[in-house]
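Colleague: mmCIF, C-alpha atoms, file protein-v7.cif:
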```cif
data_work
loop_
_atom_site.label_atom_id
_atom_site.label_comp_id
_atom_site.auth_asym_id
_atom_site.auth_seq_id
_atom_site.Cartn_x
_atom_site.Cartn_y
_atom_site.Cartn_z
CA MET A 1 2.82 -50.14 29.91
CA ASN A 2 -0.45 -51.65 28.84
CA ARG A 3 -3.02 -49.96 26.67
CA ALA A 4 -5.16 -48.73 29.57
CA ASN A 5 -2.19 -47.15 31.30
CA ARG A 6 -1.06 -45.45 28.11
CA TRP A 7 -4.54 -44.03 27.65
CA ALA A 8 -4.61 -42.74 31.25
CA LEU A 9 -1.16 -41.19 30.86
CA ALA A 10 -2.20 -39.44 27.69
CA VAL A 11 -5.23 -37.97 29.42
CA VAL A 12 -3.17 -36.72 32.37
CA VAL A 13 -0.51 -35.16 30.13
CA LEU A 14 -3.02 -33.41 27.92
CA ALA A 15 -5.10 -32.18 30.84
CA ALA A 16 -1.98 -30.74 32.46
CA ALA A 17 -1.05 -29.05 29.20
CA CYS A 18 -4.19 -26.92 29.32
CA ARG A 19 -2.79 -24.72 32.15
CA TYR A 20 -5.76 -22.39 32.16
CA ASP A 21 -4.12 -20.22 34.81
CA GLN A 22 -1.03 -19.41 32.79
CA THR A 23 -2.34 -18.01 29.54
CA GLY A 24 -0.79 -14.58 29.50
CA GLU A 25 -1.43 -13.71 33.13
CA THR A 26 1.64 -13.36 35.32
CA ALA A 27 1.84 -15.81 38.21
CA THR A 28 2.71 -13.04 40.63
CA CYS A 29 2.67 -9.26 40.61
CA THR A 30 3.85 -7.12 43.51
CA ILE A 31 4.22 -3.36 43.36
CA THR A 32 6.13 -1.32 45.91
CA LEU A 33 5.53 2.42 45.83
CA SER A 34 7.89 4.91 47.41
CA GLY A 35 8.22 8.66 47.53
CA ALA A 36 5.04 10.67 47.78
CA VAL A 37 2.98 7.46 47.79
CA THR A 38 4.14 4.42 49.71
CA GLY A 39 3.15 0.82 50.25
CA THR A 40 3.38 -2.66 48.78
CA TYR A 41 0.41 -4.12 46.99
CA ASP A 42 -0.67 -7.15 44.98
CA CYS A 43 -1.06 -6.01 41.37
CA ARG A 44 -2.58 -9.17 39.91
CA PRO A 45 -4.07 -9.86 37.50
CA ALA A 46 -1.29 -8.58 35.23
CA HIS A 47 -1.09 -9.45 31.56
CA VAL A 48 1.47 -9.27 28.79
CA TRP A 49 0.04 -9.10 25.30
CA TRP A 50 1.08 -8.20 21.78
CA SER A 51 -1.21 -7.09 18.99
CA PRO A 52 0.53 -7.01 15.59
CA SER A 53 -2.65 -5.76 13.95
CA VAL A 54 -3.05 -2.70 16.21
CA GLY A 55 0.11 -0.69 15.85
CA ASN A 56 2.20 -3.76 16.68
CA ALA A 57 1.63 -2.72 20.29
CA ALA A 58 2.80 -4.86 23.18
CA ALA A 59 2.33 -4.08 26.85
CA LEU A 60 2.56 -5.21 30.41
CA GLU A 61 -0.66 -4.04 31.97
CA PHE A 62 -2.23 -4.22 35.39
CA GLU A 63 -4.50 -2.33 37.71
CA VAL A 64 -4.47 -1.94 41.46
CA ALA A 65 -8.09 -1.30 42.22
CA PRO A 66 -8.42 1.15 45.08
CA THR A 67 -9.80 0.09 48.38
CA ALA A 68 -10.03 2.03 51.62
CA GLY A 69 -6.52 3.15 52.49
CA ARG A 70 -4.97 1.87 49.27
CA PRO A 71 -4.00 4.00 46.28
CA SER A 72 -5.06 3.09 42.79
CA VAL A 73 -2.63 2.26 40.00
CA GLU A 74 -3.37 1.99 36.30
CA ALA A 75 -0.43 0.73 34.28
CA SER A 76 0.24 -0.11 30.67
CA ILE A 77 3.86 0.09 29.58
CA GLY A 78 5.28 -1.38 26.44
CA PHE A 79 6.55 -0.91 22.93
CA ALA A 80 5.74 -1.64 19.32
CA HIS A 81 7.30 -5.04 18.71
CA GLN A 82 7.04 -8.63 19.86
CA PRO A 83 7.97 -9.11 23.53
CA SER A 84 11.00 -11.23 24.30
CA VAL A 85 13.45 -11.84 27.09
CA GLY A 86 15.45 -8.68 27.62
CA HIS A 87 15.46 -5.13 28.85
CA PHE A 88 13.26 -2.36 27.51
CA SER A 89 12.98 1.26 28.52
CA SER A 90 10.97 4.41 27.93
CA SER A 91 13.91 5.98 26.14
CA GLU A 92 13.58 3.64 23.17
CA SER A 93 12.07 5.00 20.00
CA ASP A 94 9.02 2.73 20.03
CA ALA A 95 8.29 2.97 23.76
CA GLU A 96 4.72 3.75 24.72
CA GLY A 97 2.28 3.49 27.57
CA PHE A 98 1.11 5.17 30.72
CA PHE A 99 1.36 4.81 34.46
CA TYR A 100 -1.12 6.52 36.77
CA VAL A 101 -1.13 6.56 40.56
CA THR A 102 -3.93 8.16 42.55
CA ALA A 103 -3.04 8.63 46.19
CA THR A 104 -5.56 8.17 48.96
CA ASP A 105 -5.82 11.95 49.28
CA GLY A 106 -6.75 12.19 45.61
CA THR A 107 -3.42 13.51 44.36
CA PHE A 108 -2.81 12.28 40.83
CA TYR A 109 0.60 11.24 39.53
CA SER A 110 0.99 10.35 35.88
CA MET A 111 3.53 9.38 33.29
CA GLN A 112 2.92 8.93 29.58
CA VAL A 113 5.25 7.73 26.86
CA GLY A 114 5.01 7.75 23.09
CA PRO A 115 1.84 8.67 21.27
CA PRO A 116 -0.12 10.89 21.45
CA PHE A 117 2.72 13.15 22.57
CA ASN A 118 5.57 11.61 20.60
CA VAL A 119 8.03 13.47 22.78
CA GLY A 120 9.52 10.53 24.65
CA ALA A 121 8.64 10.09 28.28
CA PHE A 122 6.34 12.78 29.70
CA GLY A 123 6.29 12.97 33.48
CA GLY A 124 8.67 10.12 34.15
CA THR A 125 10.44 7.04 32.88
CA TRP A 126 10.08 3.28 32.95
CA ASP A 127 12.35 0.26 32.68
CA LEU A 128 11.01 -3.22 31.99
CA THR A 129 12.90 -6.51 32.12
CA PHE A 130 11.51 -9.85 30.99
CA ASP A 131 13.47 -12.71 32.56
CA LYS A 132 11.02 -15.16 31.03
CA CYS A 133 8.80 -14.61 28.02
CA ASP A 134 7.10 -17.77 26.82
CA GLY A 135 4.88 -17.51 23.80
CA PRO A 136 3.33 -16.21 21.69
CA LEU A 137 0.04 -17.75 22.83
CA ARG A 138 -2.80 -17.14 20.43
CA ARG A 139 -5.47 -14.83 21.82
CA TYR A 140 -8.40 -12.93 20.35
CA VAL A 141 -6.48 -9.70 19.84
CA GLY A 142 -3.19 -11.20 18.88
CA PHE A 143 -0.96 -12.96 21.37
CA ALA A 144 -0.29 -13.31 25.07
CA PHE A 145 2.92 -14.32 26.82
CA ASP A 146 3.70 -16.10 30.07
CA THR A 147 6.29 -13.85 31.60
CA SER A 148 8.26 -13.03 34.69
CA GLY A 149 10.54 -10.13 35.40
CA SER A 150 10.53 -6.68 36.89
CA ALA A 151 9.73 -3.08 36.10
CA ASP A 152 10.74 0.23 37.60
CA VAL A 153 8.77 3.39 37.06
CA SER A 154 9.56 6.93 38.09
CA ILE A 155 6.91 9.63 38.02
CA ASP A 156 7.46 13.32 38.45
CA ASN A 157 4.64 15.32 36.95
CA GLY A 158 4.86 18.32 39.21
CA ASN A 159 2.75 16.90 42.02
CA GLY A 160 5.76 15.17 43.57
CA THR A 161 7.88 12.14 42.88
CA VAL A 162 6.61 8.60 43.02
CA THR A 163 8.66 5.54 42.18
CA ALA A 164 7.39 2.04 41.69
CA HIS A 165 9.16 -1.29 41.66
CA ILE A 166 7.18 -4.16 40.25
CA THR A 167 8.11 -7.82 40.29
CA PHE A 168 6.07 -10.33 38.36
CA MET B 1 -5.46 -46.08 19.25
CA ILE B 2 -8.62 -44.48 17.93
CA ARG B 3 -9.84 -43.88 21.47
CA CYS B 4 -6.51 -42.26 22.37
CA ALA B 5 -6.66 -39.99 19.36
CA ALA B 6 -10.25 -39.05 20.14
CA ALA B 7 -9.36 -38.30 23.76
CA ALA B 8 -6.42 -36.17 22.68
CA LEU B 9 -8.52 -34.14 20.26
CA LEU B 10 -11.27 -33.68 22.83
CA LEU B 11 -8.89 -32.48 25.51
CA LEU B 12 -6.98 -30.18 23.20
CA ALA B 13 -10.23 -28.67 22.00
CA SER B 14 -11.37 -28.19 25.58
CA CYS B 15 -8.28 -26.14 26.41
CA ARG B 16 -9.67 -23.09 24.61
CA TYR B 17 -6.72 -20.91 25.51
CA ASP B 18 -8.31 -17.96 23.77
CA THR B 19 -11.44 -17.78 25.87
CA SER B 20 -10.18 -17.72 29.43
CA GLY B 21 -11.32 -14.35 30.71
CA GLU B 22 -10.55 -12.26 27.66
CA THR B 23 -13.51 -10.97 25.71
CA ALA B 24 -13.77 -12.26 22.17
CA SER B 25 -14.36 -8.77 20.83
CA CYS B 26 -14.19 -5.22 22.11
CA SER B 27 -15.12 -2.19 20.06
CA ILE B 28 -15.44 1.32 21.45
CA THR B 29 -17.15 4.18 19.66
CA PHE B 30 -16.63 7.70 20.98
CA SER B 31 -18.73 10.76 20.38
CA GLY B 32 -18.43 14.32 21.58
CA ASP B 33 -15.00 15.84 22.05
CA VAL B 34 -13.47 12.45 21.18
CA THR B 35 -14.64 10.63 18.10
CA GLY B 36 -13.97 7.42 16.27
CA THR B 37 -14.33 3.69 16.63
CA TYR B 38 -11.45 1.64 17.97
CA ASP B 39 -10.56 -1.94 18.84
CA CYS B 40 -10.31 -2.09 22.64
CA ARG B 41 -8.97 -5.61 23.02
CA PRO B 42 -7.63 -7.14 25.12
CA ALA B 43 -10.44 -6.57 27.61
CA TYR B 44 -10.95 -8.68 30.70
CA LEU B 45 -13.60 -9.46 33.26
CA SER B 46 -12.15 -10.55 36.59
CA TRP B 47 -13.29 -11.03 40.16
CA ASN B 48 -11.06 -11.14 43.19
CA PRO B 49 -12.85 -12.24 46.38
CA SER B 50 -9.68 -11.82 48.42
CA VAL B 51 -9.26 -8.14 47.53
CA ASN B 52 -12.41 -6.46 48.72
CA ASN B 53 -14.52 -8.79 46.58
CA ALA B 54 -13.79 -6.48 43.65
CA ALA B 55 -14.93 -7.34 40.15
CA THR B 56 -13.90 -5.27 37.15
CA PHE B 57 -14.39 -5.06 33.44
CA THR B 58 -11.22 -3.44 32.24
CA PHE B 59 -9.06 -2.53 29.31
CA SER B 60 -5.91 -0.41 29.35
CA LEU B 61 -4.56 0.57 25.98
CA PRO B 62 -1.63 2.81 25.18
CA ALA B 63 -2.20 5.29 22.42
CA THR B 64 -1.08 4.61 18.92
CA SER B 65 -0.76 7.08 16.08
CA THR B 66 -4.40 6.44 15.25
CA ARG B 67 -5.94 5.67 18.63
CA PRO B 68 -6.39 7.67 21.84
CA GLU B 69 -5.08 6.35 25.11
CA MET B 70 -7.71 4.55 27.16
CA ALA B 71 -7.70 3.35 30.75
CA VAL B 72 -11.12 1.95 31.51
CA SER B 73 -12.10 -0.01 34.60
CA VAL B 74 -15.65 -0.26 35.87
CA GLY B 75 -16.88 -2.66 38.47
CA PHE B 76 -18.49 -3.53 41.75
CA HIS B 77 -18.02 -5.67 44.84
CA ARG B 78 -19.59 -9.02 44.11
CA GLN B 79 -19.35 -11.96 41.76
CA PRO B 80 -20.18 -10.95 38.20
CA ALA B 81 -23.31 -12.40 36.67
CA VAL B 82 -25.56 -11.75 33.72
CA GLY B 83 -27.32 -8.47 34.37
CA GLN B 84 -27.00 -4.71 34.48
CA TYR B 85 -24.65 -2.67 36.65
CA VAL B 86 -24.63 1.11 36.83
CA SER B 87 -22.55 3.82 38.43
CA THR B 88 -25.35 4.62 40.87
CA ASP B 89 -25.17 1.17 42.49
CA SER B 90 -23.97 1.38 46.07
CA ASP B 91 -20.90 -0.79 45.42
CA ALA B 92 -19.97 0.74 42.06
CA GLU B 93 -16.38 1.69 41.31
CA ALA B 94 -14.82 3.14 38.24
CA TYR B 95 -11.65 4.56 36.84
CA ILE B 96 -11.84 5.96 33.33
CA LEU B 97 -9.29 8.20 31.67
CA VAL B 98 -9.13 9.01 27.98
CA THR B 99 -6.25 11.03 26.54
CA THR B 100 -6.52 12.37 23.03
CA ALA B 101 -3.84 13.09 20.48
CA ASP B 102 -3.71 16.76 21.48
CA GLY B 103 -3.10 15.82 25.11
CA SER B 104 -6.63 16.58 26.36
CA THR B 105 -7.80 14.28 29.13
CA TYR B 106 -11.30 13.25 30.13
CA GLY B 107 -11.99 11.08 33.10
CA MET B 108 -13.90 10.01 36.14
CA GLN B 109 -13.03 8.19 39.32
CA GLN B 110 -15.62 6.60 41.54
CA GLY B 111 -15.25 4.77 44.81
CA PRO B 112 -12.16 4.55 47.02
CA PRO B 113 -9.72 6.01 47.80
CA ASN B 114 -11.71 9.19 47.78
CA ASN B 115 -15.16 7.64 47.98
CA LEU B 116 -16.30 10.07 45.35
CA GLY B 117 -19.52 9.42 43.56
CA PRO B 118 -19.60 9.25 39.79
CA GLY B 119 -19.53 13.04 39.76
CA SER B 120 -20.00 14.39 36.29
CA GLY B 121 -19.74 10.93 34.77
CA TYR B 122 -22.00 7.92 34.40
CA TRP B 123 -21.57 4.34 33.28
CA ASN B 124 -23.86 1.45 32.49
CA LEU B 125 -22.50 -2.10 32.13
CA VAL B 126 -24.64 -4.92 30.78
CA LEU B 127 -23.36 -8.49 30.86
CA ASP B 128 -25.32 -10.56 28.34
CA THR B 129 -23.14 -13.62 28.95
CA CYS B 130 -20.95 -14.31 31.92
CA VAL B 131 -19.45 -17.78 31.92
CA GLY B 132 -17.32 -18.78 34.86
CA PRO B 133 -15.78 -18.44 37.34
CA ILE B 134 -12.55 -19.61 35.74
CA ARG B 135 -9.76 -20.08 38.26
CA ARG B 136 -6.83 -17.71 37.77
CA TYR B 137 -3.76 -16.86 39.80
CA THR B 138 -5.63 -14.22 41.76
CA GLY B 139 -9.28 -14.98 41.92
CA TYR B 140 -11.36 -15.67 38.86
CA ALA B 141 -11.94 -14.64 35.28
CA PHE B 142 -15.13 -14.84 33.24
CA ASP B 143 -15.85 -15.21 29.56
CA ALA B 144 -18.25 -12.36 29.02
CA SER B 145 -20.09 -10.42 26.35
CA GLY B 146 -22.25 -7.34 26.59
CA THR B 147 -22.08 -3.58 26.42
CA LEU B 148 -20.68 -0.66 28.35
CA ASP B 149 -21.81 2.92 27.96
CA PHE B 150 -20.15 5.78 29.72
CA THR B 151 -20.26 9.53 29.67
CA LEU B 152 -17.54 11.78 31.04
CA GLU B 153 -17.52 15.34 32.26
CA ASN B 154 -21.17 16.18 31.76
CA GLY B 155 -21.36 14.68 28.31
CA ALA B 156 -18.17 16.12 26.88
CA VAL B 157 -17.22 12.57 25.91
CA ASN B 158 -19.55 9.64 25.40
CA ALA B 159 -18.59 6.08 24.60
CA HIS B 160 -20.36 2.89 23.61
CA VAL B 161 -18.46 -0.36 24.03
CA THR B 162 -19.55 -3.74 22.72
CA PHE B 163 -17.72 -6.84 23.77
#
```
Produce structure tokens that represent the structure in this file.
Modeller:
Amino acid sequence: MNRANRWALAVVVLAAACRYDQTGETATCTITLSGAVTGTYDCRPAHVWWSPSVGNAAALEFEVAPTAGRPSVEASIGFAHQPSVGHFSSSESDAEGFFYVTATDGTFYSMQVGPPFNVGAFGGTWDLTFDKCDGPLRRYVGFAFDTSGSADVSIDNGNGTVTAHITF
Amino acid sequence: MIRCAAAALLLLASCRYDTSGETASCSITFSGDVTGTYDCRPAYLSWNPSVNNAATFTFSLPATSTRPEMAVSVGFHRQPAVGQYVSTDSDAEAYILVTTADGSTYGMQQGPPNNLGPGSGYWNLVLDTCVGPIRRYTGYAFDASGTLDFTLENGAVNAHVTF
């Protein structure tokens, strides 16, 4: 390989390494709701982040912005340690987060875990599995991770039962 | 060799992993029934033309022992740009819910699915910088700075966000 080719190769390799579209945002995110609220929706953009300086908090977070005929979902589920490949659940001592679903008729379903209640899961449970967890990637607030996996959430706050299965 | 090294440094510097749609700073100061100043990072500005052209400034933070829980998403249905956006705009949408340590909740929801107006709440978003669009998996992100002010439930809770 001559000098010009080596230079071109270096440029291509480094440009590819930037991967702007994979810095802590999951490549896919699909949520399927069942029970009192049903449907399958795109839940991107979804992010996984970890902030050692703010309670050591880590979370998978996403929002399904409501449109006509589509419920809204606000989700942030996580724990207080660095994310890694594995299984995590709302029954663990450092579990935290929330999961809100607002149906198209305005009925509100919510689950909260950890602080401020410190009573374990309130209004439901969650399970989160990271099949891939690449990082940490330096970000302003700490770190992001390129992840894939799944999550299951169950809500029963008295308004009815809603379950959610998320793949990302 | 020198040219290669220079090219490598230039390209690595241009990656800027830490500025792709995440605000550099985010600080929220509450007054009223909720008080205190908190770090609200990570916060994001995104725009998704394929999903109702929705653009949102959002942060969703679980509570910690010293911080209330915050789910904040305000937006509209067009590409973000430098300027001011308010809850009285015809395409405004918002979802804000704050839960305090005693379990009290304060919130507002505007736009679909209920097509409610801002009700007893109000928000005012100012984008001083809005650099992008930056291609992401689903639409675009923007590197933004500015302010967000919102009031919930007839002034029971007020918040000022700088990012």
Colleague: With all atoms listed in the file as the counted atoms, please give the residues lying no more than 9 Å from Thr64 in chain B, apart from itself and same-chain residues fewer than 6 positions off, as number ranges by chain.
Modeller: A: 54-55, 57, 96, 114-116
Colleague: Could you list, as a PyMOL selection string, every residue within 10 Å of range 119-136 of chain B, counting all atoms listed in the file and ignoring same-chain residues fewer than 6 positions away?
Modeller: (chain A and resi 19-23+25-27+44-45) or (chain B and resi 20-21+45-48+57+74-75+79-88+92-94+96+106-110+142-163)
Colleague: Could you please determine the separation between CA of Thr107 in chain A and CA of Gly158 in chain A in Å, to one decimal place?
Modeller: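 Pair CA of Thr107 in chain A / CA of Gly158 in chain A returns 10.9 Å.
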Colleague: Could you tell me how far CA of Gly32 in chain B sits from CA of Asp91 in chain B, in Å to one decimal place?
Modeller: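 Separation of CA of Asp91 in chain B and CA of Gly32 in chain B: 28.3 Å.
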Colleague: The PyMOL selection byres ((chain A and resi 37) around 9) - which residues does that actually catch in the file I just gave you? List them as a list in words.
Modeller: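 For this structure, the PyMOL selection byres ((chain A and resi 37) around 9) captures Leu33, Ser34, Gly35, Ala36, Thr38, Gly39, Pro71, Val101, Thr102, Ala103, Thr104, Thr161, Val162 and Thr163 of chain A.
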Colleague: Please, could you write that set of residues out with C-alpha atoms as an mmCIF file, in the coordinates of the input?
Modeller:
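The resulting selection-v7.cif:
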```cif
data_model
loop_
_atom_site.group_PDB
_atom_site.id
_atom_site.type_symbol
_atom_site.label_atom_id
_atom_site.label_comp_id
_atom_site.auth_asym_id
_atom_site.auth_seq_id
_atom_site.Cartn_x
_atom_site.Cartn_y
_atom_site.Cartn_z
ATOM 1 C CA LEU A 33 5.530 2.420 45.830
ATOM 2 C CA SER A 34 7.890 4.910 47.410
ATOM 3 C CA GLY A 35 8.220 8.660 47.530
ATOM 4 C CA ALA A 36 5.040 10.670 47.780
ATOM 5 C CA THR A 38 4.140 4.420 49.710
ATOM 6 C CA GLY A 39 3.150 0.820 50.250
ATOM 7 C CA PRO A 71 -4.000 4.000 46.280
ATOM 8 C CA VAL A 101 -1.130 6.560 40.560
ATOM 9 C CA THR A 102 -3.930 8.160 42.550
ATOM 10 C CA ALA A 103 -3.040 8.630 46.190
ATOM 11 C CA THR A 104 -5.560 8.170 48.960
ATOM 12 C CA THR A 161 7.880 12.140 42.880
ATOM 13 C CA VAL A 162 6.610 8.600 43.020
ATOM 14 C CA THR A 163 8.660 5.540 42.180
#
```
Colleague: By how many Å are CA of Gly124 in chain A and CA of Phe108 in chain A apart?
Modeller: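 The value is 13.5 Å.
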Colleague: Using only C-alpha atoms for the distances, tell me which of B:Thr100, B:Ser50, B:Ser27, B:Thr35 is nearest to chain A.
Modeller: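 Among the listed residues, the smallest separation from chain A belongs to B:Thr100.
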Colleague: Spell out the residues picked by the PyMOL selection byres ((chain A and resi 127-133) around 10) here, as a PyMOL selection string.
Modeller: chain A and resi 24+48+60+77-78+83-91+125-126+134-136+144-154+165-168
Colleague: Have a look at B:Thr29, B:Thr37, B:Ser65, B:Ser90 and name the one nearest to chain A; count all atoms listed in the file.
Modeller: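 Once distances to chain A are computed over all atoms listed in the file, the minimum belongs to B:Ser65.
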Colleague: What does the PyMOL selection byres ((chain A and resi 42) around 6) select in this file, as a VMD selection string?
Modeller: chain A and resid 29 to 30 41 43 to 44
Colleague: Given the choices A:Ser93, A:Thr28, A:Asn157, A:Thr40, which gets closest to chain B if the distance is worked out from all atoms listed in the file?
Modeller: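 Smallest distance to chain B is found for A:Thr28.
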